[in-house]
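**Student:** Take this structure, written in structure tokens, and hold onto it; I'll ask about it next.
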2 protein chains.
Amino acid sequence: MSLLVIGSLALDTIETPFGKAEYTLGGSATFISTTSSYFTDDIRLVGIVGYDFPKNEIEFLKSKGIDISGLEISKDKKTFHWHGVYHKDMNHRDSITTELNAFEDFNPIIPEKFRHSEFVCLGNVNPEIQKKVIEQLDKPKFIMIDTMNFWIEGKLKQLKETMKLVNMMVINDSEARMLAEEDNLLKAAGIIFDMGPEMLIIKKGEHGAMLITKELLFSVPAFPLDKVFDPTGAGDTFAGGFMGWLSRTKDLSPANLKLAIVYGSVMASLAVEEFSLDGIRNLTKDKIMGRFHSFRELTNFESVSL
Amino acid sequence: MSLLVIGSLALDTIETPFGKAEYTLGGSATFISTTSSYFTDDIRLVGIVGYDFPKNEIEFLKSKGIDISGLEISKDKKTFHWHGVYHKDMNHRDSITTELNAFEDFNPIIPEKFRHSEFVCLGNVNPEIQKKVIEQLDKPKFIMIDTMNFWIEGKLKQLKETMKLVNMMVINDSEARMLAEEDNLLKAAGIIFDMGPEMLIIKKGEHGAMLITKELLFSVPAFPLDKVFDPTGAGDTFAGGFMGWLSRTKDLSPANLKLAIVYGSVMASLAVEEFSLDGIRNLTKDKIMGRFHSFRELTNFESVSL
């Protein structure tokens, strides 16, 4: 049931139409590991923070049962800082500041005891780093990577090398079209499969997500909410729920992959209801299952013939 | 099981990246009535065409069991003609020509024998005409109207008068936001409910559709296709499948409204696979049910607890 999570840990300043939070906990690895902690016990985090990273947030991660022995703390640099401002419709945001700080030196050495991890979730970082991580691992059962337009545009060759080594990639719809140079998403998926991954999650923001494998097509909407407070981390929370469920069940059957996507969507919908990580800091099983059942209400229907 | 359909009949010239069709059968009433003919027998069409409307297309409508005794044929004007060109991504189109012709004189008098229709589907026409139609009817069980930005911008007062008289409205997401002056779709739906309809279908193009009532929230994706040949009439086909299923079953329960939405999506997905009306001219029950089951595969999942 072991899940290795690699990615960024950050202190974010976020402005949305509903308020502002300064230097609040963020980063892909933070969202992924916190989310997956609700599904499985053996979570291993590898990342880097600065000397200014709050001690209580390290305690928070530990309190979630996350093994942080792979977390490096820089002695002379600050933590990765991102400052983003969301527009009124929340689907668009401007990045005001991106200070990599300690994250610039991120060159993950996977601790010996983590190298046998069965499930691996590589957050959206430089594909060269993703590859270096994968090369240190001892035959994991399942590797997922996240990526984005920045790497498709700037490190395409390296990204394609990394893609050869992974089982699944998560990417948004416009990025999938860009990577495949194909507008039709099904055809784009086929082209991306030829690059390596045998499964693809295509994120569509407020329109939900799709899972495409060679034998399965599954679509889940974003949960309609009357208030989206802060979309930051929605994609990473989704990935955390997905990988958390897979790690918990170790079952890659189509029916179980569907459930993984649903649990990813459940967690993302809970995350965006509050600022930064607040929506997923202290969840109960009842709250998660309540949203799961609401998703079933939202999407499932009987089989009734003409 | 009677369904009254009012709307346009047109001859469309359509250009998509895959080809061009000239003066091919189109119009909201055409798509709606043809689609619903697969679900129920007693369909009544009210509309107007020009002297140039092809006789074989009238025979086609009759062959679908549609009662066309409310179809007026203008002696001195041509049929409504629309010429549209779709862009490469198929989500956008330019209208090259819109010649109303005979449709300009459309002032529907509902034949006496149609006035007791139980279900009524009013295609996207001037809301003043929609209201005039409704006022001629004898207490139908269920009235649905379609509308668009053109009427929201130009005939808002009249549209609001019509909305007071209907059970359901179908509208796309950007138009719902425009009408309600609210970005959040759930809140927008609440505002639109206060204007009259107790149910709303929000169309989201390639992202599917949502059904919102005071007690139900249901989301269905557009069926992922590797080739969308021609999106013309997708919304009307959707409405035809929805109203066809409701007329067939006469059941407004939440579970059955869900099925109506699914059958609407099924029919729309079959329509866009071919040019204009071709995708729905000659369907079999097997083909419709095949797509229905594919939709279940695409969206349904088990209930498995954490």
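Residue numbering restarts at 1 in every chain; chains get A, B, ... in the order shown in the structure tokens, and ligands count up from 1 in that same order.
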Taking only C-alpha atoms into account, which residues of chain B are within 8 Å of chain A, as an mmCIF file with C-alpha atoms, in the first residue's frame?
**Tutor:**
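Once written, iface25.cif looks like this:
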```cif
data_model
loop_
_atom_site.group_PDB
_atom_site.id
_atom_site.type_symbol
_atom_site.label_atom_id
_atom_site.label_comp_id
_atom_site.auth_asym_id
_atom_site.auth_seq_id
_atom_site.Cartn_x
_atom_site.Cartn_y
_atom_site.Cartn_z
ATOM 1 C CA PHE B 39 -39.785 7.734 -28.576
ATOM 2 C CA ASP B 89 -12.257 23.274 -33.283
ATOM 3 C CA ASP B 183 -21.323 33.748 -12.933
ATOM 4 C CA ASN B 184 -21.985 30.797 -10.625
ATOM 5 C CA LEU B 185 -24.285 28.389 -12.465
ATOM 6 C CA LEU B 186 -26.109 27.098 -9.379
ATOM 7 C CA LYS B 187 -26.855 30.613 -8.227
ATOM 8 C CA HIS B 207 -18.787 19.469 -22.033
ATOM 9 C CA LEU B 217 -28.845 18.170 -9.842
ATOM 10 C CA PHE B 218 -27.772 15.882 -12.670
ATOM 11 C CA SER B 219 -24.838 16.127 -15.004
ATOM 12 C CA VAL B 220 -24.179 14.239 -18.202
ATOM 13 C CA PRO B 221 -21.091 14.593 -20.408
ATOM 14 C CA PRO B 224 -16.610 11.606 -26.554
ATOM 15 C CA LEU B 225 -16.414 10.976 -30.289
ATOM 16 C CA ASP B 226 -13.348 10.660 -32.418
ATOM 17 C CA LYS B 227 -15.147 12.565 -35.138
ATOM 18 C CA ALA B 255 -35.058 9.307 -11.762
ATOM 19 C CA LYS B 258 -32.354 11.824 -15.486
ATOM 20 C CA LEU B 259 -33.207 9.247 -18.141
ATOM 21 C CA LYS B 285 -33.654 0.846 -31.538
ATOM 22 C CA MET B 289 -29.713 1.499 -26.992
ATOM 23 C CA HIS B 293 -25.326 1.626 -22.721
ATOM 24 C CA ARG B 296 -23.729 4.180 -18.741
ATOM 25 C CA GLU B 297 -20.239 2.756 -19.164
ATOM 26 C CA LEU B 298 -18.958 6.310 -19.510
ATOM 27 C CA THR B 299 -20.548 7.750 -16.373
ATOM 28 C CA ASN B 300 -21.785 5.145 -13.912
ATOM 29 C CA PHE B 301 -19.745 3.677 -11.096
ATOM 30 C CA GLU B 302 -20.257 1.376 -8.144
ATOM 31 C CA SER B 303 -20.892 2.492 -4.604
ATOM 32 C CA VAL B 304 -17.772 1.456 -2.672
ATOM 33 C CA SER B 305 -17.018 2.944 0.706
ATOM 34 C CA LEU B 306 -13.776 4.163 2.197
#
```
**Student:** Mind checking which residues fall within 10 Å of A:Met243, counting only C-alpha atoms, ignoring those fewer than 5 positions away in the same chain, and posting them as a short mmCIF file (atom, residue, chain, number, x, y, z; two decimals) with all heavy atoms, in the first residue's frame?
**Tutor:**
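Printed below is result17.cif as written:
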```cif
data_model
loop_
_atom_site.label_atom_id
_atom_site.label_comp_id
_atom_site.auth_asym_id
_atom_site.auth_seq_id
_atom_site.Cartn_x
_atom_site.Cartn_y
_atom_site.Cartn_z
N LEU A 3 2.84 4.57 -1.06
CA LEU A 3 2.71 5.61 -2.07
C LEU A 3 3.81 6.64 -1.89
O LEU A 3 3.90 7.28 -0.84
CB LEU A 3 1.33 6.28 -1.96
CG LEU A 3 1.09 7.51 -2.84
CD1 LEU A 3 1.19 7.16 -4.31
CD2 LEU A 3 -0.28 8.12 -2.52
N LEU A 4 4.63 6.79 -2.91
CA LEU A 4 5.70 7.78 -2.89
C LEU A 4 5.23 9.04 -3.62
O LEU A 4 4.76 8.96 -4.75
CB LEU A 4 6.94 7.19 -3.57
CG LEU A 4 8.17 8.09 -3.73
CD1 LEU A 4 8.74 8.50 -2.37
CD2 LEU A 4 9.24 7.37 -4.57
N VAL A 5 5.35 10.18 -2.95
CA VAL A 5 4.91 11.45 -3.52
C VAL A 5 6.09 12.39 -3.67
O VAL A 5 6.81 12.65 -2.69
CB VAL A 5 3.83 12.11 -2.64
CG1 VAL A 5 3.41 13.47 -3.21
CG2 VAL A 5 2.62 11.20 -2.47
N ILE A 32 -1.02 16.62 -2.69
CA ILE A 32 -1.15 15.19 -3.03
C ILE A 32 -1.03 14.32 -1.78
O ILE A 32 -1.86 13.43 -1.54
CB ILE A 32 -0.08 14.79 -4.07
CG1 ILE A 32 -0.31 15.51 -5.40
CG2 ILE A 32 -0.08 13.26 -4.28
CD1 ILE A 32 0.87 15.42 -6.38
N SER A 33 -0.01 14.58 -0.96
CA SER A 33 0.22 13.70 0.19
C SER A 33 -0.87 13.87 1.24
O SER A 33 -1.35 12.89 1.82
CB SER A 33 1.61 13.93 0.78
OG SER A 33 1.75 15.27 1.21
N THR A 35 -3.99 14.75 0.75
CA THR A 35 -5.21 14.11 0.24
C THR A 35 -5.12 12.60 0.35
O THR A 35 -6.05 11.93 0.83
CB THR A 35 -5.45 14.49 -1.23
OG1 THR A 35 -5.42 15.90 -1.35
CG2 THR A 35 -6.79 13.98 -1.71
N SER A 36 -4.01 12.04 -0.08
CA SER A 36 -3.92 10.57 -0.11
C SER A 36 -3.87 9.99 1.30
O SER A 36 -4.16 8.80 1.48
CB SER A 36 -2.74 10.11 -0.97
OG SER A 36 -1.56 10.75 -0.58
N PHE A 39 -6.66 7.91 2.50
CA PHE A 39 -6.94 6.63 1.83
C PHE A 39 -5.97 5.52 2.22
O PHE A 39 -6.33 4.36 2.18
CB PHE A 39 -6.89 6.82 0.30
CG PHE A 39 -7.95 7.76 -0.21
CD1 PHE A 39 -7.75 9.12 -0.30
CD2 PHE A 39 -9.20 7.25 -0.57
CE1 PHE A 39 -8.75 9.97 -0.74
CE2 PHE A 39 -10.20 8.10 -1.02
CZ PHE A 39 -9.97 9.47 -1.10
N THR A 40 -4.75 5.88 2.55
CA THR A 40 -3.74 4.85 2.80
C THR A 40 -2.74 5.36 3.84
O THR A 40 -2.59 6.57 4.03
CB THR A 40 -3.06 4.45 1.47
OG1 THR A 40 -2.13 3.40 1.71
CG2 THR A 40 -2.35 5.62 0.82
N PHE A 119 3.41 2.46 -5.45
CA PHE A 119 2.74 3.50 -6.24
C PHE A 119 3.54 4.79 -6.12
O PHE A 119 4.06 5.11 -5.05
CB PHE A 119 1.30 3.70 -5.76
CG PHE A 119 0.42 2.54 -6.13
CD1 PHE A 119 0.39 1.39 -5.35
CD2 PHE A 119 -0.36 2.60 -7.29
CE1 PHE A 119 -0.41 0.31 -5.72
CE2 PHE A 119 -1.15 1.52 -7.66
CZ PHE A 119 -1.17 0.37 -6.87
N VAL A 120 3.65 5.48 -7.24
CA VAL A 120 4.48 6.69 -7.28
C VAL A 120 3.70 7.80 -7.95
O VAL A 120 3.16 7.63 -9.05
CB VAL A 120 5.79 6.43 -8.08
CG1 VAL A 120 6.66 7.68 -8.10
CG2 VAL A 120 6.55 5.25 -7.49
N CYS A 121 3.63 8.94 -7.29
CA CYS A 121 2.93 10.10 -7.85
C CYS A 121 3.92 11.26 -7.96
O CYS A 121 4.38 11.79 -6.96
CB CYS A 121 1.75 10.48 -6.97
SG CYS A 121 0.71 11.76 -7.69
N PHE A 142 3.09 1.16 -10.30
CA PHE A 142 2.31 2.16 -11.03
C PHE A 142 2.92 3.55 -10.82
O PHE A 142 3.08 3.99 -9.69
CB PHE A 142 0.87 2.15 -10.52
CG PHE A 142 -0.09 2.92 -11.37
CD1 PHE A 142 -0.72 2.34 -12.47
CD2 PHE A 142 -0.38 4.25 -11.07
CE1 PHE A 142 -1.62 3.06 -13.24
CE2 PHE A 142 -1.28 4.98 -11.84
CZ PHE A 142 -1.90 4.38 -12.93
N ILE A 143 3.25 4.21 -11.92
CA ILE A 143 3.81 5.57 -11.84
C ILE A 143 2.90 6.54 -12.58
O ILE A 143 2.55 6.33 -13.74
CB ILE A 143 5.21 5.64 -12.51
CG1 ILE A 143 6.17 4.64 -11.86
CG2 ILE A 143 5.77 7.06 -12.44
CD1 ILE A 143 7.53 4.59 -12.54
N MET A 144 2.54 7.60 -11.88
CA MET A 144 1.77 8.67 -12.51
C MET A 144 2.59 9.96 -12.49
O MET A 144 3.21 10.29 -11.48
CB MET A 144 0.46 8.92 -11.76
CG MET A 144 -0.31 10.13 -12.30
SD MET A 144 -1.35 10.88 -11.05
CE MET A 144 -2.94 10.33 -11.63
N THR A 237 -5.06 17.82 -5.65
CA THR A 237 -5.96 17.10 -4.75
C THR A 237 -6.62 15.95 -5.49
O THR A 237 -6.77 14.84 -4.97
CB THR A 237 -7.04 18.06 -4.21
OG1 THR A 237 -6.41 19.25 -3.77
CG2 THR A 237 -7.80 17.44 -3.07
N PHE A 238 -7.00 16.22 -6.73
CA PHE A 238 -7.56 15.18 -7.60
C PHE A 238 -6.57 14.03 -7.74
O PHE A 238 -6.91 12.86 -7.53
CB PHE A 238 -7.87 15.80 -8.97
CG PHE A 238 -8.54 14.87 -9.92
CD1 PHE A 238 -9.92 14.89 -10.07
CD2 PHE A 238 -7.81 13.97 -10.67
CE1 PHE A 238 -10.54 14.01 -10.94
CE2 PHE A 238 -8.42 13.10 -11.55
CZ PHE A 238 -9.79 13.12 -11.68
N ARG A 248 -4.60 2.24 -1.92
CA ARG A 248 -5.39 1.53 -0.92
C ARG A 248 -5.87 0.17 -1.43
O ARG A 248 -5.86 -0.82 -0.72
CB ARG A 248 -6.61 2.39 -0.57
CG ARG A 248 -7.56 1.78 0.44
CD ARG A 248 -8.86 2.60 0.45
NE ARG A 248 -9.78 2.14 1.47
CZ ARG A 248 -9.80 2.58 2.72
NH1 ARG A 248 -8.94 3.50 3.12
NH2 ARG A 248 -10.66 2.09 3.59
N THR A 249 -6.29 0.15 -2.71
CA THR A 249 -6.96 -1.04 -3.25
C THR A 249 -6.04 -1.91 -4.10
O THR A 249 -6.34 -3.09 -4.31
CB THR A 249 -8.15 -0.61 -4.14
OG1 THR A 249 -7.65 0.27 -5.16
CG2 THR A 249 -9.21 0.13 -3.32
N LYS A 250 -4.95 -1.35 -4.59
CA LYS A 250 -4.00 -2.06 -5.48
C LYS A 250 -4.70 -2.75 -6.63
O LYS A 250 -4.31 -3.86 -7.04
CB LYS A 250 -3.25 -3.14 -4.68
CG LYS A 250 -2.21 -2.62 -3.76
CD LYS A 250 -1.40 -3.83 -3.26
CE LYS A 250 -0.40 -3.47 -2.21
NZ LYS A 250 0.41 -4.63 -1.84
N LEU A 257 -10.57 1.77 -11.41
CA LEU A 257 -10.02 3.03 -11.92
C LEU A 257 -11.11 4.11 -11.92
O LEU A 257 -10.85 5.27 -11.60
CB LEU A 257 -9.46 2.85 -13.33
CG LEU A 257 -8.14 2.08 -13.44
CD1 LEU A 257 -7.85 1.73 -14.90
CD2 LEU A 257 -6.97 2.89 -12.85
N ALA A 260 -11.39 5.42 -8.52
CA ALA A 260 -10.25 6.29 -8.20
C ALA A 260 -10.49 7.71 -8.73
O ALA A 260 -10.22 8.70 -8.06
CB ALA A 260 -8.96 5.70 -8.78
N ILE A 261 -11.02 7.79 -9.96
CA ILE A 261 -11.34 9.10 -10.55
C ILE A 261 -12.42 9.81 -9.74
O ILE A 261 -12.35 11.02 -9.50
CB ILE A 261 -11.85 8.91 -12.01
CG1 ILE A 261 -10.73 8.46 -12.93
CG2 ILE A 261 -12.50 10.19 -12.52
CD1 ILE A 261 -9.79 9.56 -13.32
N TYR A 263 -13.10 9.35 -6.51
CA TYR A 263 -12.54 9.81 -5.24
C TYR A 263 -11.62 11.03 -5.47
O TYR A 263 -11.57 11.94 -4.65
CB TYR A 263 -11.83 8.67 -4.50
CG TYR A 263 -12.80 7.86 -3.66
CD1 TYR A 263 -13.12 6.55 -4.00
CD2 TYR A 263 -13.42 8.42 -2.56
CE1 TYR A 263 -14.03 5.81 -3.25
CE2 TYR A 263 -14.33 7.70 -1.80
CZ TYR A 263 -14.63 6.40 -2.15
OH TYR A 263 -15.54 5.69 -1.40
N GLY A 264 -10.93 11.07 -6.58
CA GLY A 264 -10.15 12.26 -6.91
C GLY A 264 -11.05 13.48 -7.03
O GLY A 264 -10.75 14.56 -6.48
#
```
**Student:** DSSP on the backbone, strand (DSSP E) only: what residues of stretch 9-211 of chain B does that give? Format it as an MDAnalysis selection string.
**Tutor:** chainID B and resid 10:16 19:26 43:49 66:73 80:86 93:99 119:122 142:146 168:172 199:203 209:211
**Student:** Have a look at atom CA of B:Ser74 and atom CA of B:Ser117 and let me know their distance in Å, one decimal.
**Tutor:**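 Interatomic distance, atom CA of B:Ser74 to atom CA of B:Ser117: 25.2 Å.
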**Student:** When you count only C-alpha atoms, which of these residues is closest to A:Ser174: A:Thr97, A:Asn56, A:Asn149, A:Ser253?
**Tutor:**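 Closest to A:Ser174 of all the choices is A:Asn149.
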**Student:** Can you tell me, as a CSV table (one decimal) with N, CA, C and O atoms, in the first residue's frame, which residues in stretch 115-224 of chain B count as helix (DSSP H, G or I) by DSSP?
**Tutor:**
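Written file, out-v6.csv:
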```
chain,number,residue,atom,x,y,z
B,127,PRO,N,-39.6,35.1,-28.3
B,127,PRO,CA,-40.4,34.7,-27.1
B,127,PRO,C,-41.8,35.2,-27.2
B,127,PRO,O,-42.7,34.6,-26.6
B,128,GLU,N,-42.1,36.2,-28.0
B,128,GLU,CA,-43.5,36.7,-28.2
B,128,GLU,C,-44.3,35.6,-28.9
B,128,GLU,O,-45.5,35.4,-28.6
B,129,ILE,N,-43.7,35.0,-29.9
B,129,ILE,CA,-44.3,33.9,-30.6
B,129,ILE,C,-44.5,32.7,-29.6
B,129,ILE,O,-45.6,32.1,-29.6
B,130,GLN,N,-43.5,32.4,-28.8
B,130,GLN,CA,-43.7,31.3,-27.9
B,130,GLN,C,-44.9,31.6,-27.0
B,130,GLN,O,-45.7,30.7,-26.7
B,131,LYS,N,-45.0,32.8,-26.5
B,131,LYS,CA,-46.1,33.2,-25.6
B,131,LYS,C,-47.5,33.0,-26.3
B,131,LYS,O,-48.4,32.4,-25.8
B,132,LYS,N,-47.5,33.5,-27.6
B,132,LYS,CA,-48.8,33.4,-28.3
B,132,LYS,C,-49.2,31.9,-28.5
B,132,LYS,O,-50.4,31.6,-28.4
B,133,VAL,N,-48.2,31.0,-28.7
B,133,VAL,CA,-48.5,29.6,-28.8
B,133,VAL,C,-49.1,29.1,-27.5
B,133,VAL,O,-50.1,28.5,-27.4
B,134,ILE,N,-48.4,29.4,-26.4
B,134,ILE,CA,-48.8,28.9,-25.1
B,134,ILE,C,-50.2,29.3,-24.8
B,134,ILE,O,-51.1,28.6,-24.2
B,135,GLU,N,-50.6,30.6,-25.1
B,135,GLU,CA,-51.9,31.1,-24.8
B,135,GLU,C,-53.0,30.4,-25.6
B,135,GLU,O,-54.2,30.5,-25.2
B,149,ASN,N,-29.1,33.9,-26.6
B,149,ASN,CA,-28.6,35.2,-26.3
B,149,ASN,C,-29.3,36.3,-27.1
B,149,ASN,O,-29.5,37.4,-26.6
B,150,PHE,N,-29.6,36.0,-28.4
B,150,PHE,CA,-30.2,37.0,-29.3
B,150,PHE,C,-31.5,37.6,-28.6
B,150,PHE,O,-31.8,38.7,-28.6
B,151,TRP,N,-32.3,36.7,-28.0
B,151,TRP,CA,-33.6,37.1,-27.4
B,151,TRP,C,-33.3,37.7,-26.0
B,151,TRP,O,-34.0,38.6,-25.6
B,152,ILE,N,-32.3,37.2,-25.3
B,152,ILE,CA,-32.0,37.8,-24.0
B,152,ILE,C,-31.5,39.2,-24.2
B,152,ILE,O,-31.8,40.1,-23.4
B,153,GLU,N,-30.8,39.5,-25.2
B,153,GLU,CA,-30.3,40.8,-25.5
B,153,GLU,C,-31.4,41.7,-26.0
B,153,GLU,O,-31.5,42.9,-25.7
B,154,GLY,N,-32.2,41.2,-26.9
B,154,GLY,CA,-33.1,42.0,-27.7
B,154,GLY,C,-34.6,42.0,-27.2
B,154,GLY,O,-35.3,43.0,-27.5
B,156,LEU,N,-35.7,40.9,-23.8
B,156,LEU,CA,-35.7,40.4,-22.4
B,156,LEU,C,-37.0,40.5,-21.7
B,156,LEU,O,-37.4,39.5,-21.0
B,157,LYS,N,-37.7,41.6,-21.9
B,157,LYS,CA,-39.0,41.8,-21.2
B,157,LYS,C,-40.0,40.8,-21.7
B,157,LYS,O,-40.6,40.1,-20.9
B,158,GLN,N,-40.0,40.6,-23.0
B,158,GLN,CA,-41.0,39.6,-23.6
B,158,GLN,C,-40.6,38.2,-23.1
B,158,GLN,O,-41.4,37.3,-22.8
B,159,LEU,N,-39.3,37.9,-23.1
B,159,LEU,CA,-38.8,36.6,-22.7
B,159,LEU,C,-39.2,36.3,-21.3
B,159,LEU,O,-39.7,35.2,-20.9
B,160,LYS,N,-39.1,37.3,-20.4
B,160,LYS,CA,-39.5,37.1,-19.0
B,160,LYS,C,-41.0,36.8,-18.9
B,160,LYS,O,-41.4,36.1,-18.0
B,161,GLU,N,-41.8,37.5,-19.7
B,161,GLU,CA,-43.2,37.2,-19.7
B,161,GLU,C,-43.5,35.7,-20.1
B,161,GLU,O,-44.4,35.1,-19.5
B,162,THR,N,-42.8,35.3,-21.1
B,162,THR,CA,-43.0,33.9,-21.6
B,162,THR,C,-42.5,32.9,-20.5
B,162,THR,O,-43.2,31.9,-20.3
B,163,MET,N,-41.4,33.2,-19.9
B,163,MET,CA,-40.8,32.3,-18.9
B,163,MET,C,-41.8,32.0,-17.7
B,163,MET,O,-41.7,31.0,-17.1
B,173,ASP,N,-24.7,27.6,-21.1
B,173,ASP,CA,-24.1,28.1,-19.9
B,173,ASP,C,-23.9,29.6,-19.9
B,173,ASP,O,-24.2,30.3,-19.0
B,174,SER,N,-23.3,30.1,-21.0
B,174,SER,CA,-23.0,31.5,-21.1
B,174,SER,C,-24.3,32.3,-21.1
B,174,SER,O,-24.4,33.4,-20.5
B,175,GLU,N,-25.3,31.8,-21.7
B,175,GLU,CA,-26.6,32.5,-21.8
B,175,GLU,C,-27.3,32.5,-20.4
B,175,GLU,O,-27.9,33.5,-20.0
B,176,ALA,N,-27.2,31.4,-19.6
B,176,ALA,CA,-27.7,31.3,-18.3
B,176,ALA,C,-27.1,32.4,-17.4
B,176,ALA,O,-27.7,33.1,-16.6
B,177,ARG,N,-25.7,32.5,-17.6
B,177,ARG,CA,-25.0,33.5,-16.8
B,177,ARG,C,-25.4,34.9,-17.2
B,177,ARG,O,-25.6,35.8,-16.4
B,178,MET,N,-25.7,35.1,-18.5
B,178,MET,CA,-26.1,36.4,-19.0
B,178,MET,C,-27.5,36.8,-18.5
B,178,MET,O,-27.8,37.9,-18.0
B,179,LEU,N,-28.4,35.8,-18.6
B,179,LEU,CA,-29.8,36.1,-18.2
B,179,LEU,C,-29.9,36.4,-16.7
B,179,LEU,O,-30.6,37.2,-16.3
B,180,ALA,N,-29.1,35.6,-15.9
B,180,ALA,CA,-29.2,35.8,-14.4
B,180,ALA,C,-28.3,36.9,-13.9
B,180,ALA,O,-28.4,37.3,-12.8
B,185,LEU,N,-23.1,29.0,-11.8
B,185,LEU,CA,-24.3,28.4,-12.5
B,185,LEU,C,-25.4,28.0,-11.5
B,185,LEU,O,-26.6,28.1,-11.9
B,186,LEU,N,-25.1,27.5,-10.3
B,186,LEU,CA,-26.1,27.1,-9.4
B,186,LEU,C,-26.9,28.3,-8.9
B,186,LEU,O,-28.1,28.3,-8.8
B,187,LYS,N,-26.2,29.4,-8.6
B,187,LYS,CA,-26.9,30.6,-8.2
B,187,LYS,C,-27.7,31.2,-9.4
B,187,LYS,O,-28.8,31.7,-9.2
B,188,ALA,N,-27.1,31.1,-10.6
B,188,ALA,CA,-27.8,31.6,-11.8
B,188,ALA,C,-29.1,30.8,-11.9
B,188,ALA,O,-30.2,31.4,-12.2
B,189,ALA,N,-29.1,29.5,-11.7
B,189,ALA,CA,-30.3,28.7,-11.8
B,189,ALA,C,-31.3,29.1,-10.8
B,189,ALA,O,-32.5,29.3,-11.2
B,190,GLY,N,-30.9,29.4,-9.6
B,190,GLY,CA,-31.9,29.9,-8.6
B,190,GLY,C,-32.5,31.2,-9.0
B,190,GLY,O,-33.7,31.4,-8.9
B,191,ILE,N,-31.8,32.1,-9.6
B,191,ILE,CA,-32.3,33.4,-10.1
B,191,ILE,C,-33.3,33.1,-11.3
B,191,ILE,O,-34.4,33.7,-11.3
B,192,ILE,N,-33.0,32.2,-12.1
B,192,ILE,CA,-33.9,31.9,-13.3
B,192,ILE,C,-35.1,31.2,-12.8
B,192,ILE,O,-36.2,31.5,-13.3
B,193,PHE,N,-35.0,30.4,-11.8
B,193,PHE,CA,-36.2,29.8,-11.2
B,193,PHE,C,-37.2,30.8,-10.7
B,193,PHE,O,-38.4,30.7,-10.9
B,205,GLY,N,-22.2,22.5,-24.5
B,205,GLY,CA,-21.5,22.1,-25.8
B,205,GLY,C,-20.7,20.8,-25.6
B,205,GLY,O,-21.3,19.8,-25.1
B,206,GLU,N,-19.5,20.9,-25.9
B,206,GLU,CA,-18.6,19.6,-25.8
B,206,GLU,C,-18.5,19.1,-24.4
B,206,GLU,O,-17.9,18.0,-24.2
B,207,HIS,N,-18.9,19.9,-23.4
B,207,HIS,CA,-18.8,19.5,-22.0
B,207,HIS,C,-20.1,18.9,-21.5
B,207,HIS,O,-20.2,18.5,-20.3
```
**Student:** Name the residues in contact with B:Ala29 at a cut-off of 12 Å, using only C-alpha atoms, excluding same-chain residues fewer than 2 positions from it; report them as number ranges by chain.
**Tutor:** B: 3-10, 25-27, 31-37, 43-49, 61, 66, 68, 70-71, 120-125, 145-146, 233, 235-237, 239-240, 277
**Student:** So that I can check the surroundings of A:Met199, please list as a list in words every protein, DNA and RNA residue that reaches within 8 Å of it, counting only C-alpha atoms and ignoring chain neighbours fewer than 4 positions away.
**Tutor:**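 Counting only the stated atoms, we get Asn167, Met168, Met169, Phe193, Leu211, Ile212, Thr213 and Lys214 of chain A.
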**Student:** Please measure the separation of atom CA of B:Arg115 and atom CA of B:Pro140, giving the value in Å to one decimal.
**Tutor:**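 For atom CA of B:Arg115 relative to atom CA of B:Pro140, the distance reads 8.4 Å.
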